[in-house]
>>> print(open('work26.txt').read())   # compact mmCIF, C-alpha atoms and all ligand atoms
# COMPACT_ATOMS: atom_id res chain seq x y z
CA MET A 1 94.98 105.24 136.14
CA LYS A 2 91.70 103.52 135.37
CA ALA A 3 90.54 102.92 131.83
CA ILE A 4 87.78 101.23 129.89
CA VAL A 5 88.65 99.73 126.50
CA THR A 6 85.65 98.89 124.36
CA GLY A 7 86.39 96.39 121.61
CA GLY A 8 89.25 95.18 123.80
CA ALA A 9 89.14 91.61 122.43
CA GLY A 10 89.66 92.91 118.91
CA PHE A 11 92.83 93.63 117.01
CA ILE A 12 93.64 97.22 118.00
CA GLY A 13 91.68 97.32 121.27
CA SER A 14 93.52 94.32 122.75
CA HIS A 15 96.90 95.93 122.05
CA VAL A 16 95.75 99.14 123.71
CA ALA A 17 94.42 97.23 126.75
CA LEU A 18 97.68 95.30 127.12
CA ALA A 19 99.82 98.43 126.71
CA LEU A 20 97.82 100.21 129.41
CA VAL A 21 98.10 97.31 131.88
CA GLU A 22 101.83 97.19 131.18
CA ARG A 23 101.97 100.84 132.26
CA GLY A 24 100.23 100.04 135.55
CA ALA A 25 96.64 100.98 134.63
CA LYS A 26 93.57 99.18 135.94
CA VAL A 27 91.71 98.27 132.76
CA THR A 28 88.19 97.03 132.05
CA VAL A 29 87.56 95.53 128.62
CA ILE A 30 84.04 95.59 127.19
CA ASP A 31 83.55 93.38 124.14
CA ASP A 32 80.70 91.27 122.83
CA PHE A 33 83.16 88.93 121.07
CA SER A 34 81.32 89.31 117.77
CA SER A 35 84.59 89.68 115.87
CA GLY A 36 87.04 89.73 118.78
CA ASP A 37 89.00 86.70 119.92
CA PHE A 38 89.89 85.55 123.44
CA VAL A 39 93.37 84.70 122.11
CA ASN A 40 94.08 88.43 121.93
CA LEU A 41 93.38 88.72 125.64
CA LYS A 42 95.30 85.73 126.98
CA ARG A 43 97.99 87.95 128.48
CA PHE A 44 95.49 90.57 129.70
CA ARG A 45 95.04 90.96 133.44
CA GLY A 46 91.95 92.96 134.25
CA GLU A 47 88.17 92.85 134.14
CA VAL A 48 86.43 91.55 131.02
CA ILE A 49 82.77 92.42 130.47
CA ALA A 50 81.39 90.29 127.64
CA GLN A 51 78.55 92.51 126.53
CA ASP A 52 77.30 94.63 123.68
CA ILE A 53 78.11 98.32 124.30
CA ASN A 54 74.49 99.07 123.46
CA HIS A 55 73.32 96.89 126.36
CA VAL A 56 75.94 97.56 129.01
CA HIS A 57 74.63 99.25 132.18
CA TRP A 58 76.73 102.36 131.69
CA ASP A 59 75.13 104.01 134.72
CA GLN A 60 76.67 101.31 136.93
CA MET A 61 80.18 101.69 135.54
CA ASN A 62 82.70 103.47 137.68
CA GLN A 63 85.96 102.16 136.28
CA GLY A 64 86.69 104.82 133.75
CA GLU A 65 88.85 107.90 133.88
CA THR A 66 89.59 107.45 130.22
CA VAL A 67 87.61 105.45 127.68
CA PHE A 68 89.33 104.02 124.63
CA HIS A 69 86.48 103.25 122.29
CA HIS A 70 87.33 100.65 119.64
CA ALA A 71 84.20 98.48 119.59
CA ALA A 72 82.57 98.51 116.17
CA LEU A 73 81.26 96.35 113.42
CA THR A 74 84.44 96.47 111.34
CA ASP A 75 83.63 94.43 108.26
CA THR A 76 83.41 97.03 105.50
CA THR A 77 81.56 94.62 103.19
CA VAL A 78 78.52 94.36 105.51
CA THR A 79 75.56 95.96 103.71
CA ASP A 80 72.92 95.65 106.48
CA GLN A 81 72.56 99.39 107.17
CA ARG A 82 70.34 98.98 110.21
CA LYS A 83 72.79 96.61 111.88
CA MET A 84 75.83 98.78 111.06
CA MET A 85 74.26 102.03 112.21
CA TYR A 86 72.98 100.52 115.44
CA ALA A 87 76.33 98.98 116.36
CA ASN A 88 78.56 101.87 115.33
CA VAL A 89 76.46 105.00 115.80
CA GLU A 90 74.15 104.13 118.69
CA GLY A 91 77.01 102.28 120.39
CA PHE A 92 79.21 105.34 120.02
CA ARG A 93 76.46 107.63 121.33
CA LYS A 94 76.23 105.57 124.54
CA VAL A 95 79.98 105.73 125.10
CA LEU A 96 80.03 109.45 124.34
CA ASP A 97 77.13 110.18 126.73
CA PHE A 98 78.90 108.21 129.46
CA CYS A 99 82.09 110.25 128.98
CA LEU A 100 80.25 113.57 128.92
CA GLU A 101 78.28 112.73 132.06
CA ARG A 102 81.28 111.39 134.00
CA ARG A 103 83.65 113.95 132.51
CA CYS A 104 86.13 111.33 131.45
CA LYS A 105 88.45 111.58 128.50
CA LEU A 106 87.35 109.81 125.33
CA ILE A 107 89.81 108.45 122.79
CA TYR A 108 87.96 106.76 119.95
CA ALA A 109 88.57 105.04 116.63
CA SER A 110 87.48 106.81 113.49
CA SER A 111 88.38 105.60 110.00
CA ALA A 112 90.02 106.87 106.80
CA GLY A 113 86.95 105.37 105.14
CA VAL A 114 85.20 108.71 105.78
CA TYR A 115 87.26 110.26 102.95
CA GLY A 116 86.12 107.84 100.26
CA ASN A 117 87.81 108.71 96.99
CA GLU A 118 88.76 112.27 97.89
CA PRO A 119 92.21 113.04 96.45
CA ALA A 120 95.29 112.05 98.43
CA PRO A 121 96.73 113.14 100.73
CA GLN A 122 93.47 113.19 102.70
CA SER A 123 93.43 115.90 105.34
CA GLU A 124 91.15 116.25 108.36
CA GLU A 125 89.60 119.50 107.10
CA GLY A 126 89.11 118.15 103.57
CA SER A 127 85.80 116.87 102.22
CA LYS A 128 84.32 113.58 103.35
CA ASN A 129 82.64 111.17 100.99
CA PRO A 130 81.91 107.82 102.68
CA LEU A 131 81.32 105.15 100.05
CA ASN A 132 79.75 102.44 102.20
CA ILE A 133 77.64 102.11 105.32
CA TYR A 134 80.65 101.31 107.50
CA ALA A 135 82.42 104.51 106.46
CA TYR A 136 79.20 106.48 106.84
CA SER A 137 78.68 105.14 110.39
CA LYS A 138 82.19 106.30 111.29
CA TRP A 139 81.54 109.73 109.81
CA VAL A 140 78.33 110.12 111.82
CA GLY A 141 80.38 109.21 114.92
CA ASP A 142 82.89 111.96 114.08
CA GLN A 143 80.07 114.46 113.73
CA LEU A 144 78.67 113.48 117.13
CA ALA A 145 82.13 113.96 118.60
CA GLU A 146 82.55 117.36 116.93
CA GLU A 147 79.19 118.52 118.21
CA ALA A 148 80.05 117.36 121.74
CA LEU A 149 83.38 119.16 121.52
CA ARG A 150 81.66 122.43 120.66
CA GLU A 151 79.39 122.18 123.68
CA ASN A 152 81.47 120.45 126.38
CA PRO A 153 84.84 120.85 128.00
CA VAL A 154 85.41 117.06 128.12
CA PRO A 155 88.56 116.05 126.19
CA ILE A 156 87.79 113.98 123.09
CA ILE A 157 90.35 112.66 120.64
CA GLY A 158 89.34 110.87 117.46
CA LEU A 159 92.05 108.72 115.89
CA ARG A 160 91.25 108.40 112.21
CA TYR A 161 93.10 105.19 111.41
CA PHE A 162 94.25 104.41 107.89
CA ASN A 163 94.99 100.70 107.19
CA VAL A 164 96.37 98.99 110.27
CA TYR A 165 98.24 95.67 110.15
CA GLY A 166 99.97 93.51 112.76
CA MET A 167 99.68 90.69 115.27
CA GLY A 168 96.15 90.09 116.52
CA GLU A 169 94.31 90.90 113.28
CA GLN A 170 93.84 87.20 112.50
CA ASN A 171 90.38 87.30 114.16
CA LYS A 172 89.15 89.58 111.39
CA GLY A 173 89.08 87.02 108.58
CA THR A 174 88.30 88.73 105.26
CA ALA A 175 88.31 92.11 107.03
CA ALA A 176 91.99 91.66 108.01
CA SER A 177 94.62 93.81 106.29
CA MET A 178 95.87 93.12 102.76
CA VAL A 179 99.30 92.53 104.30
CA TYR A 180 98.02 89.52 106.21
CA ARG A 181 95.61 88.21 103.58
CA LEU A 182 98.12 88.31 100.73
CA ALA A 183 100.86 86.79 102.90
CA GLU A 184 98.59 83.89 103.85
CA GLN A 185 97.93 83.15 100.17
CA MET A 186 101.59 83.43 99.25
CA ARG A 187 102.77 81.20 102.07
CA CYS A 188 100.59 78.46 100.66
CA GLY A 189 102.28 78.85 97.28
CA MET A 190 99.26 80.64 95.77
CA ARG A 191 99.62 83.64 93.47
CA PRO A 192 98.40 86.72 95.39
CA ARG A 193 94.96 87.76 94.17
CA ILE A 194 94.42 91.50 93.79
CA PHE A 195 92.11 93.77 91.87
CA PHE A 196 93.20 94.80 88.40
CA ASP A 197 95.81 96.49 87.94
CA GLY A 198 97.44 96.56 91.35
CA GLY A 199 98.05 100.31 91.18
CA GLN A 200 95.59 101.01 94.01
CA SER A 201 97.43 102.20 97.08
CA ARG A 202 96.97 102.21 100.82
CA ASP A 203 98.53 104.07 103.71
CA LEU A 204 99.47 100.99 105.74
CA ILE A 205 100.37 101.64 109.36
CA TYR A 206 101.90 99.12 111.74
CA ILE A 207 100.13 98.27 115.00
CA GLU A 208 103.13 99.32 117.12
CA ASP A 209 102.74 102.85 115.73
CA VAL A 210 99.00 102.75 116.42
CA ILE A 211 99.62 101.78 120.06
CA ASP A 212 102.00 104.70 120.29
CA ALA A 213 99.32 107.03 118.88
CA ASN A 214 96.84 105.85 121.56
CA LEU A 215 99.37 106.41 124.35
CA LYS A 216 100.20 109.85 122.98
CA ALA A 217 96.47 110.63 122.86
CA LEU A 218 96.27 109.72 126.55
CA GLU A 219 98.90 112.35 127.32
CA ALA A 220 97.51 114.99 124.95
CA THR A 221 95.95 118.06 126.48
CA ARG A 222 93.91 119.27 123.51
CA SER A 223 90.94 117.71 121.72
CA GLY A 224 90.48 116.99 118.02
CA ILE A 225 90.17 114.38 115.31
CA VAL A 226 93.43 113.44 113.63
CA ASN A 227 94.62 111.11 110.89
CA ILE A 228 96.70 108.18 112.06
CA GLY A 229 98.70 107.06 109.05
CA THR A 230 102.28 107.09 107.85
CA GLY A 231 101.81 109.71 105.15
CA THR A 232 103.08 107.21 102.56
CA GLY A 233 101.02 105.15 100.15
CA THR A 234 102.00 101.63 99.04
CA THR A 235 100.52 100.18 95.85
CA PHE A 236 99.33 96.58 95.98
CA ASN A 237 101.96 95.71 93.36
CA ARG A 238 104.69 97.17 95.59
CA LEU A 239 103.23 95.38 98.63
CA ILE A 240 103.48 92.06 96.79
CA ALA A 241 107.09 92.82 95.86
CA ILE A 242 107.90 93.43 99.54
CA LEU A 243 106.04 90.27 100.60
CA ASN A 244 107.95 88.23 97.99
CA GLU A 245 111.19 89.55 99.44
CA VAL A 246 110.30 88.92 103.09
CA LEU A 247 108.69 85.50 102.46
CA HIS A 248 111.40 84.42 99.99
CA THR A 249 108.84 83.73 97.26
CA GLN A 250 108.62 84.83 93.64
CA LEU A 251 104.89 84.89 93.02
CA VAL A 252 103.32 87.15 90.41
CA PRO A 253 99.95 88.80 91.09
CA ASP A 254 96.76 87.16 89.87
CA TYR A 255 94.64 90.17 88.83
CA PHE A 256 90.84 90.08 88.78
CA GLU A 257 88.00 92.58 88.23
CA ASN A 258 86.96 94.62 91.27
CA PRO A 259 83.36 93.65 92.18
CA TYR A 260 82.86 96.59 94.58
CA ARG A 261 81.31 99.93 93.69
CA PHE A 262 82.54 101.51 96.91
CA TYR A 263 86.26 101.09 96.53
CA GLN A 264 88.92 103.56 97.66
CA ASN A 265 91.65 103.87 95.02
CA GLU A 266 94.24 105.72 97.02
CA THR A 267 94.53 106.42 100.72
CA ARG A 268 97.40 108.49 102.04
CA ALA A 269 97.15 110.50 105.22
CA GLU A 270 98.05 114.13 105.67
CA ILE A 271 99.90 113.73 108.96
CA LYS A 272 100.61 117.31 110.14
CA GLN A 273 97.64 117.47 112.54
CA ALA A 274 98.62 114.28 114.41
CA GLU A 275 102.09 115.70 114.88
CA LYS A 276 100.70 119.00 116.10
CA LEU A 277 98.00 117.67 118.43
CA LEU A 278 99.61 114.47 119.72
CA GLY A 279 103.29 114.79 118.85
CA PHE A 280 102.74 111.55 116.90
CA LYS A 281 104.70 110.42 113.87
CA SER A 282 104.93 106.80 112.70
CA HIS A 283 108.30 105.07 112.99
CA TYR A 284 107.95 101.91 110.91
CA THR A 285 108.30 101.89 107.13
CA ILE A 286 106.11 99.30 105.45
CA ALA A 287 109.08 96.93 104.95
CA GLU A 288 110.17 97.29 108.59
CA GLY A 289 106.64 96.77 109.87
CA ILE A 290 106.14 93.63 107.78
CA ARG A 291 109.48 92.17 108.86
CA ASP A 292 108.71 92.76 112.53
CA TYR A 293 105.17 91.40 112.13
CA PHE A 294 106.16 88.21 110.33
CA ALA A 295 109.02 87.53 112.74
CA ARG A 296 106.29 87.26 115.40
CA LEU A 297 103.53 85.68 113.32
CA TYR A 298 105.48 83.05 111.45
CA GLN A 299 107.81 81.83 114.14
CA PHE A 300 107.40 78.25 112.96
CA PRO A 301 107.89 77.28 109.31
CA ARG A 302 104.77 75.96 107.63
CA VAL A 303 104.62 73.40 104.78
CA VAL A 304 103.76 75.21 101.53
CA ALA A 305 101.56 73.63 98.89
CA SER A 306 104.29 73.83 96.21
CA SER A 307 106.63 71.71 98.34
CA ILE A 308 104.16 68.79 98.59
CA SER A 309 104.66 66.25 95.79
N1 LIG B 401 92.08 97.86 111.59
C1 LIG B 401 92.01 98.92 110.79
O1 LIG B 401 92.71 99.00 109.77
C2 LIG B 401 91.07 100.06 111.11
C3 LIG B 401 91.03 101.15 110.24
C4 LIG B 401 90.17 102.20 110.53
C5 LIG B 401 89.39 102.18 111.66
N2 LIG B 401 89.43 101.10 112.49
C6 LIG B 401 88.57 101.13 113.68
O2 LIG B 401 89.33 100.72 114.80
C7 LIG B 401 88.50 100.01 115.72
C8 LIG B 401 89.09 98.66 116.02
O3 LIG B 401 89.16 97.91 114.82
P1 LIG B 401 89.89 96.51 114.74
O4 LIG B 401 90.66 96.50 113.49
O5 LIG B 401 90.58 96.23 116.01
O6 LIG B 401 88.65 95.54 114.53
P2 LIG B 401 88.16 94.25 115.35
O7 LIG B 401 86.97 93.74 114.61
O8 LIG B 401 89.28 93.33 115.57
O9 LIG B 401 87.72 94.88 116.74
C9 LIG B 401 86.43 95.35 117.03
C10 LIG B 401 86.01 94.75 118.36
O10 LIG B 401 84.76 95.29 118.75
C11 LIG B 401 83.93 94.23 119.23
N3 LIG B 401 82.55 94.66 119.04
C12 LIG B 401 81.90 94.87 117.88
N4 LIG B 401 80.66 95.34 118.11
C13 LIG B 401 80.53 95.43 119.46
C14 LIG B 401 79.48 95.84 120.31
N5 LIG B 401 78.31 96.28 119.83
N6 LIG B 401 79.68 95.80 121.65
C15 LIG B 401 80.87 95.37 122.17
N7 LIG B 401 81.89 94.97 121.39
C16 LIG B 401 81.73 95.00 120.06
C17 LIG B 401 84.32 93.02 118.41
O11 LIG B 401 84.00 91.79 119.03
C18 LIG B 401 85.83 93.23 118.28
O12 LIG B 401 86.52 92.63 119.34
C19 LIG B 401 87.12 99.95 115.07
O13 LIG B 401 86.33 100.99 115.58
C20 LIG B 401 87.41 100.17 113.60
O14 LIG B 401 86.30 100.73 112.94
C21 LIG B 401 90.26 100.05 112.24
>>> encode(input="work26.txt", output="structure tokens")
Amino acid sequence: MKAIVTGGAGFIGSHVALALVERGAKVTVIDDFSSGDFVNLKRFRGEVIAQDINHVHWDQMNQGETVFHHAALTDTTVTDQRKMMYANVEGFRKVLDFCLERRCKLIYASSAGVYGNEPAPQSEEGSKNPLNIYAYSKWVGDQLAEEALRENPVPIIGLRYFNVYGMGEQNKGTAASMVYRLAEQMRCGMRPRIFFDGGQSRDLIYIEDVIDANLKALEATRSGIVNIGTGTGTTFNRLIAILNEVLHTQLVPDYFENPYRFYQNETRAEIKQAEKLLGFKSHYTIAEGIRDYFARLYQFPRVVASSIS
């Protein structure tokens, strides 16, 4: 099997690229390294094209039977609409055109951001209300995919990720998951900083489950856009309680006012469609995912601020 993975130096894309190589596939990664990190690709054996998907010579590409499209500007706080739309919509259009022309399967990353503050559980058929330019760019991508699906027989699967956490997200800085960002604060002895009053909740899904969803999408015979979440929401207060337990700390939240207008209060995926279309269901509970993640991430004990006299 031959595959192209765009965004393959990033968090999710690198895991997908590695999982495919492990299964014997010949994989080409395309990434402009704008938020990706070579560290994620150290174990990768395959071709790496260090280019912007908007500038790649797609007409000269012949590697792909399946394209896993993960390249995107992923920082949801970016407000430059021109930059976001060019990267995420025009980039997606180029990948989509390539797949339609070459008749190769497209598996691409959508986002739960498209739902905005629509009531949980958010379902694929439910209304969309993107609250920022990132979420809007993802929604436009979904509409391009839906239009292509109506007019072409090429298989297209959109994976509408909820909040993904796990090894390899460290490259994302402030765009990394709350699991990682809060844990980093707490390991330094700092009180975890969250928006008032910590009751906001997220459907947090572990990277191992997301890899599984991508591999199931590869096998799937039907097209569609499906939620990739656990179906369970975790409040930030509950997340901190779990982190305290796993990290052996006893830190209380430090609440502050939310400065963002475009904030999602509750995300929780309706998961029936993913089960139906892909046979996918997540395996890791939030506590299991965090334990597995930290066993890999924090192999070596680090000196915490509170232990320095
Ligand atoms: N991580 C999550 O919780 C989450 C949730 C919903 C959707 N998604 C989507 O999943 C995909 C992967 O996200 P991630 O978390 O791995 O983020 P990431 O930032 O780690 O990965 C994105 C990768 O795309 C690359 N890239 C960006 N613009 C590019 C361009 N124009 N040309 C080539 N490469 C480019 C970056 O360098 C990076 O390696 C994205 O499409 C994102 O929108 C992620």
>>> residues_near_ligand(input="work26.txt", ligand="ligand LIG 401 (chain B)", cutoff="6 Å", atoms="only C-alpha atoms and all ligand atoms", output="VMD selection string")
chain A and resid 7 to 13 30 to 36 51 to 54 70 to 74 87 109 to 112 161 to 164 172
>>> residues_around(input="work26.txt", residues="Leu149 (chain A)", least_positions_apart="3", cutoff="12 Å", atoms="only C-alpha atoms", output="list of chain:residue names")
A:Leu96, A:Cys99, A:Leu100, A:Lys105, A:Leu106, A:Asp142, A:Gln143, A:Leu144, A:Ala145, A:Glu146, A:Asn152, A:Pro153, A:Val154, A:Pro155, A:Ile156, A:Ile157, A:Gly158, A:Arg222, A:Ser223, A:Gly224, A:Ile225
>>> residues_around(input="work26.txt", residues="His248 (chain A)", least_positions_apart="4", cutoff="10 Å", atoms="all atoms listed in the file", output="PyMOL selection string")
chain A and resi 186-187+242-244
>>> atom_distance(input="work26.txt", atom1="CA of Gly289 (chain A)", atom2="CA of Leu204 (chain A)")
9.3 Å
>>> closest_atom_pairs(input="work26.txt", of="region 129-197 of chain A", to="region 255-272 of chain A", cutoff="7 Å", atoms="only C-alpha atoms", output="CSV")
residue,atom,partner,partner_atom,distance
A:Leu131,CA,A:Phe262,CA,5.0
A:Asn132,CA,A:Phe262,CA,6.1
A:Arg193,CA,A:Tyr255,CA,5.9
A:Ile194,CA,A:Tyr255,CA,5.1
A:Phe195,CA,A:Phe256,CA,5.0
A:Phe196,CA,A:Tyr255,CA,4.9
A:Asp197,CA,A:Tyr255,CA,6.5
>>> atom_distance(input="work26.txt", atom1="CA of Asp203 (chain A)", atom2="CA of Cys188 (chain A)")
25.9 Å
>>> residues_around(input="work26.txt", residues="Gln273 (chain A)", least_positions_apart="5", cutoff="12 Å", atoms="all atoms listed in the file", output="PyMOL selection string")
chain A and resi 122-125+157-160+222-229+231+278-281
